[in-house]
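Colleague: One file is attached below, data.cif, containing mmCIF, C-alpha atoms and all ligand atoms.
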```
data_upload
#
loop_
_atom_site.label_atom_id
_atom_site.label_comp_id
_atom_site.auth_asym_id
_atom_site.auth_seq_id
_atom_site.Cartn_x
_atom_site.Cartn_y
_atom_site.Cartn_z
CA MET A 1 -41.61 -22.34 13.32
CA MET A 2 -44.68 -20.33 14.32
CA ARG A 3 -42.87 -19.17 17.46
CA ILE A 4 -39.89 -17.89 15.39
CA LEU A 5 -42.28 -16.10 13.05
CA TRP A 6 -44.22 -14.59 15.94
CA ASN A 7 -41.00 -13.37 17.61
CA SER A 8 -39.85 -11.79 14.36
CA LEU A 9 -43.17 -9.95 13.96
CA LYS A 10 -43.02 -8.76 17.58
CA LYS A 11 -39.44 -7.40 17.27
CA GLY A 12 -39.99 -5.80 13.87
CA ILE A 13 -37.25 -5.37 11.27
CA LEU A 14 -33.88 -4.97 12.98
CA SER A 15 -31.83 -2.80 10.68
CA LYS A 16 -30.23 0.59 10.71
CA LYS A 17 -29.61 3.26 8.16
CA ILE A 18 -26.35 2.77 6.28
CA GLU A 19 -24.10 5.79 6.69
CA LYS A 20 -21.92 6.92 3.82
CA VAL A 21 -18.24 6.37 4.68
CA SER A 22 -15.61 8.30 2.79
CA ALA A 23 -11.93 9.18 3.06
CA SER A 24 -10.83 12.51 4.59
CA PRO A 25 -10.74 15.73 2.50
CA ARG A 26 -6.94 15.72 2.84
CA TYR A 27 -6.77 12.24 1.32
CA GLU A 28 -8.92 13.41 -1.61
CA GLU A 29 -6.75 16.53 -2.18
CA THR A 30 -3.50 14.54 -2.03
CA GLY A 31 -4.95 11.97 -4.43
CA GLU A 32 -6.04 14.59 -6.97
CA GLU A 33 -2.59 16.22 -6.84
CA LEU A 34 -0.99 12.82 -7.35
CA ARG A 35 -3.26 12.00 -10.29
CA SER A 36 -2.25 15.20 -12.15
CA LEU A 37 1.45 14.55 -11.49
CA ILE A 38 1.26 10.92 -12.68
CA ILE A 39 -0.43 11.95 -15.94
CA LYS A 40 2.09 14.78 -16.44
CA LYS A 41 5.19 12.67 -15.78
CA PHE A 42 4.16 9.19 -16.98
CA GLY A 43 1.30 9.87 -19.40
CA ARG A 44 -0.46 6.80 -17.97
CA SER A 45 -0.99 4.99 -14.65
CA LEU A 46 1.83 4.29 -12.19
CA HIS A 47 2.35 0.55 -11.78
CA ILE A 48 3.49 -0.87 -8.47
CA ARG A 49 4.82 -4.34 -7.63
CA GLU A 50 4.65 -5.09 -3.91
CA VAL A 51 7.13 -7.44 -2.24
CA ASP A 52 6.84 -8.63 1.36
CA THR A 53 10.26 -9.50 2.77
CA GLY A 54 8.95 -10.95 6.04
CA SER A 55 6.51 -8.44 7.52
CA CYS A 56 3.96 -9.12 10.27
CA GLY A 57 1.20 -8.54 7.71
CA ALA A 58 -0.13 -5.22 9.01
CA CYS A 59 1.69 -3.12 6.42
CA GLU A 60 0.06 -5.24 3.68
CA SER A 61 -3.33 -4.76 5.36
CA GLU A 62 -2.94 -0.98 5.06
CA ILE A 63 -1.81 -1.27 1.44
CA ILE A 64 -4.88 -3.43 0.74
CA SER A 65 -7.03 -0.86 2.59
CA ALA A 66 -5.75 1.81 0.21
CA THR A 67 -7.37 -0.19 -2.61
CA ASN A 68 -10.73 -0.70 -0.88
CA PRO A 69 -13.88 1.23 -1.98
CA ILE A 70 -13.31 3.94 0.68
CA TYR A 71 -9.74 4.92 -0.25
CA ASP A 72 -9.87 3.58 -3.83
CA ILE A 73 -6.28 4.54 -4.70
CA GLN A 74 -6.76 3.21 -8.25
CA ARG A 75 -8.86 6.26 -9.20
CA PHE A 76 -5.73 8.42 -8.76
CA GLY A 77 -3.78 6.42 -11.33
CA ILE A 78 -2.12 3.82 -9.10
CA ASP A 79 -2.21 0.21 -10.21
CA PHE A 80 -0.78 -2.86 -8.46
CA VAL A 81 0.71 -5.44 -10.80
CA ALA A 82 1.79 -9.06 -10.39
CA SER A 83 4.85 -8.91 -12.64
CA PRO A 84 7.96 -6.81 -11.99
CA ARG A 85 8.29 -6.48 -15.76
CA HIS A 86 5.21 -4.22 -15.73
CA ALA A 87 6.23 -2.17 -12.70
CA ASP A 88 7.56 1.37 -12.33
CA VAL A 89 7.80 1.16 -8.55
CA LEU A 90 8.85 -1.63 -6.19
CA LEU A 91 7.02 -1.25 -2.88
CA VAL A 92 8.78 -3.22 -0.15
CA THR A 93 7.49 -4.19 3.29
CA GLY A 94 9.12 -6.16 6.09
CA PRO A 95 12.54 -6.32 7.72
CA ALA A 96 14.45 -7.94 4.84
CA ALA A 97 14.53 -11.55 5.97
CA ARG A 98 17.73 -13.25 4.78
CA ASN A 99 15.86 -15.80 2.67
CA MET A 100 14.02 -12.98 0.83
CA ALA A 101 17.12 -10.94 -0.04
CA LEU A 102 17.86 -12.77 -3.31
CA ALA A 103 14.17 -12.74 -4.38
CA LEU A 104 14.03 -8.99 -3.75
CA LYS A 105 17.21 -8.36 -5.73
CA ARG A 106 15.97 -10.46 -8.66
CA THR A 107 12.57 -8.74 -8.64
CA TYR A 108 14.31 -5.36 -8.81
CA GLU A 109 16.60 -6.52 -11.62
CA ALA A 110 13.58 -7.77 -13.62
CA MET A 111 11.97 -4.32 -13.65
CA PRO A 112 12.48 -2.05 -16.68
CA GLY A 113 14.05 1.37 -16.08
CA PRO A 114 13.52 3.98 -14.89
CA LYS A 115 12.53 2.18 -11.69
CA PHE A 116 12.12 3.26 -8.10
CA VAL A 117 12.02 1.49 -4.77
CA ILE A 118 9.78 2.68 -1.94
CA THR A 119 10.06 1.07 1.48
CA CYS A 120 6.85 0.85 3.48
CA GLY A 121 6.80 0.61 7.29
CA ASP A 122 9.48 1.00 9.95
CA CYS A 123 10.72 -2.58 9.53
CA ALA A 124 11.73 -1.91 5.95
CA LEU A 125 13.67 1.19 7.04
CA ASN A 126 15.84 -0.34 9.75
CA GLY A 127 14.40 -3.69 10.81
CA GLY A 128 11.88 -2.06 13.18
CA ALA A 129 10.60 -4.52 15.78
CA PHE A 130 12.76 -7.26 14.20
CA LYS A 131 15.99 -5.28 14.25
CA ASP A 132 19.10 -7.36 15.10
CA SER A 133 17.14 -10.60 14.72
CA TYR A 134 19.23 -13.52 13.38
CA TYR A 135 17.04 -13.90 10.29
CA CYS A 136 17.18 -10.27 9.08
CA THR A 137 19.74 -8.58 6.87
CA GLY A 138 19.13 -5.22 8.56
CA ASP A 139 17.31 -3.02 6.08
CA ILE A 140 16.16 -2.99 2.46
CA GLY A 141 18.68 -0.26 1.54
CA ARG A 142 21.48 -2.84 1.85
CA ILE A 143 19.91 -4.92 -0.94
CA VAL A 144 18.46 -2.37 -3.40
CA HIS A 145 18.72 1.40 -3.78
CA VAL A 146 15.80 3.05 -1.97
CA ALA A 147 14.28 6.26 -3.40
CA ALA A 148 11.65 7.00 -0.73
CA HIS A 149 10.33 5.71 2.57
CA ILE A 150 6.80 5.54 3.99
CA PRO A 151 7.02 5.86 7.79
CA GLY A 152 4.70 4.12 10.22
CA CYS A 153 3.98 0.82 11.92
CA PRO A 154 1.87 0.32 9.92
CA PRO A 155 1.45 3.45 7.74
CA HIS A 156 -2.04 4.86 7.08
CA PRO A 157 -3.28 4.92 3.43
CA LEU A 158 -2.90 8.74 3.47
CA THR A 159 0.78 8.38 4.45
CA ILE A 160 1.24 5.89 1.60
CA LEU A 161 -0.41 8.28 -0.89
CA ASP A 162 1.62 11.22 0.40
CA ALA A 163 4.96 9.38 0.07
CA ILE A 164 4.18 8.36 -3.52
CA LEU A 165 3.25 11.99 -4.30
CA ARG A 166 6.55 13.26 -2.91
CA LEU A 167 8.54 10.68 -4.87
CA ILE A 168 6.78 11.44 -8.17
CA GLY A 169 7.29 15.15 -7.51
CA ARG A 170 11.08 14.59 -7.44
CA ILE A 171 11.18 12.61 -10.72
CA ASP A 172 12.22 14.66 -13.79
S1 LIG B 201 6.43 -1.84 10.21
FE1 LIG B 201 5.06 -2.55 11.84
S2 LIG B 201 3.22 -3.14 10.75
FE2 LIG B 201 4.83 -3.04 9.21
S3 LIG B 201 5.69 -5.09 9.07
FE3 LIG B 201 6.87 -4.01 10.61
S4 LIG B 201 5.91 -4.50 12.57
FE4 LIG B 201 4.45 -5.02 10.96
#
```
Can the structure in the file be given as structure tokens, please?
Modeller:
Amino acid sequence: MMRILWNSLKKGILSKKIEKVSASPRYEETGEELRSLIIKKFGRSLHIREVDTGSCGACESEIISATNPIYDIQRFGIDFVASPRHADVLLVTGPAARNMALALKRTYEAMPGPKFVITCGDCALNGGAFKDSYYCTGDIGRIVHVAAHIPGCPPHPLTILDAILRLIGRID
């Protein structure tokens, strides 16, 4: 015990200054633009229901990153919800595994209108790395009508924000 204490006193306090980490200026600008558009067109927050149709998990990691304290997408008026009945947007990841096709269709049907589908990641666009696999239907567009796509494998939070901004910009 004394030896541990002596070693600790000899080494001193091992710590370093915590640096402030923040998102890029472009992310902040895009977010502010999105926030104004959401208030103008919806008069409240935009609610998103996310469905994973068989992804590798990395697209979800980036979506979760967008909600962490650095990117904090919620401050721009984006909210993720558990029920499709509360959702404006269906955000879909993964290559549309056959056993998820019906669940995806039913989730979409449970949403109130107007409703929009955004695919996230290359797999959701055309199967990506899982294209032509026996367990995939091909792409999400064959199951539900897709309004916008977020490219990438996986997409960065800025790309996610940018795609939502472009979609909201097109809504009357
Ligand atoms: S697009 Fe890439 S990161 Fe996203 S689910 Fe497919 S393989 Fe994974």
Colleague: Identify which of the residues A:Ala148, A:Pro114, A:Val81, A:Leu161 lies closest to Val51 of chain A, counting all atoms listed in the file when measuring atom-to-atom distances.
Modeller: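 That would be A:Val81, the residue with the smallest distance to Val51 of chain A.
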Colleague: Excluding segment 137-142 of chain A and residues on its chain fewer than 6 positions from it, collect all residues at most 12 Å away from it, counting all atoms listed in the file, and give them as a count of residues only.
Modeller: 37
Colleague: Which residues come within 7 Å of segment 66-79 of chain A, counting all atoms listed in the file, excluding same-chain residues fewer than 5 positions away, as a PyMOL selection string?
Modeller: chain A and resi 21-23+31-32+34-35+38+45-48+157
Colleague: For His156 of chain A, which residue among A:Leu9, A:Arg49, A:Ile171, A:Ile63 is the nearest when counting only C-alpha atoms?
Modeller: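 With only C-alpha atoms as the atom set, the closest residue is A:Ile63.
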Colleague: Atom CA of Pro25 of chain A to atom CA of Ile64 of chain A: how many Å, to one decimal?
Modeller: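 Going from atom CA of Pro25 of chain A over to atom CA of Ile64 of chain A, I get 20.1 Å.
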Colleague: Just how far from atom CA of Pro154 of chain A is atom CA of Cys59 of chain A, in Å to one decimal?
Modeller: 4.9 Å
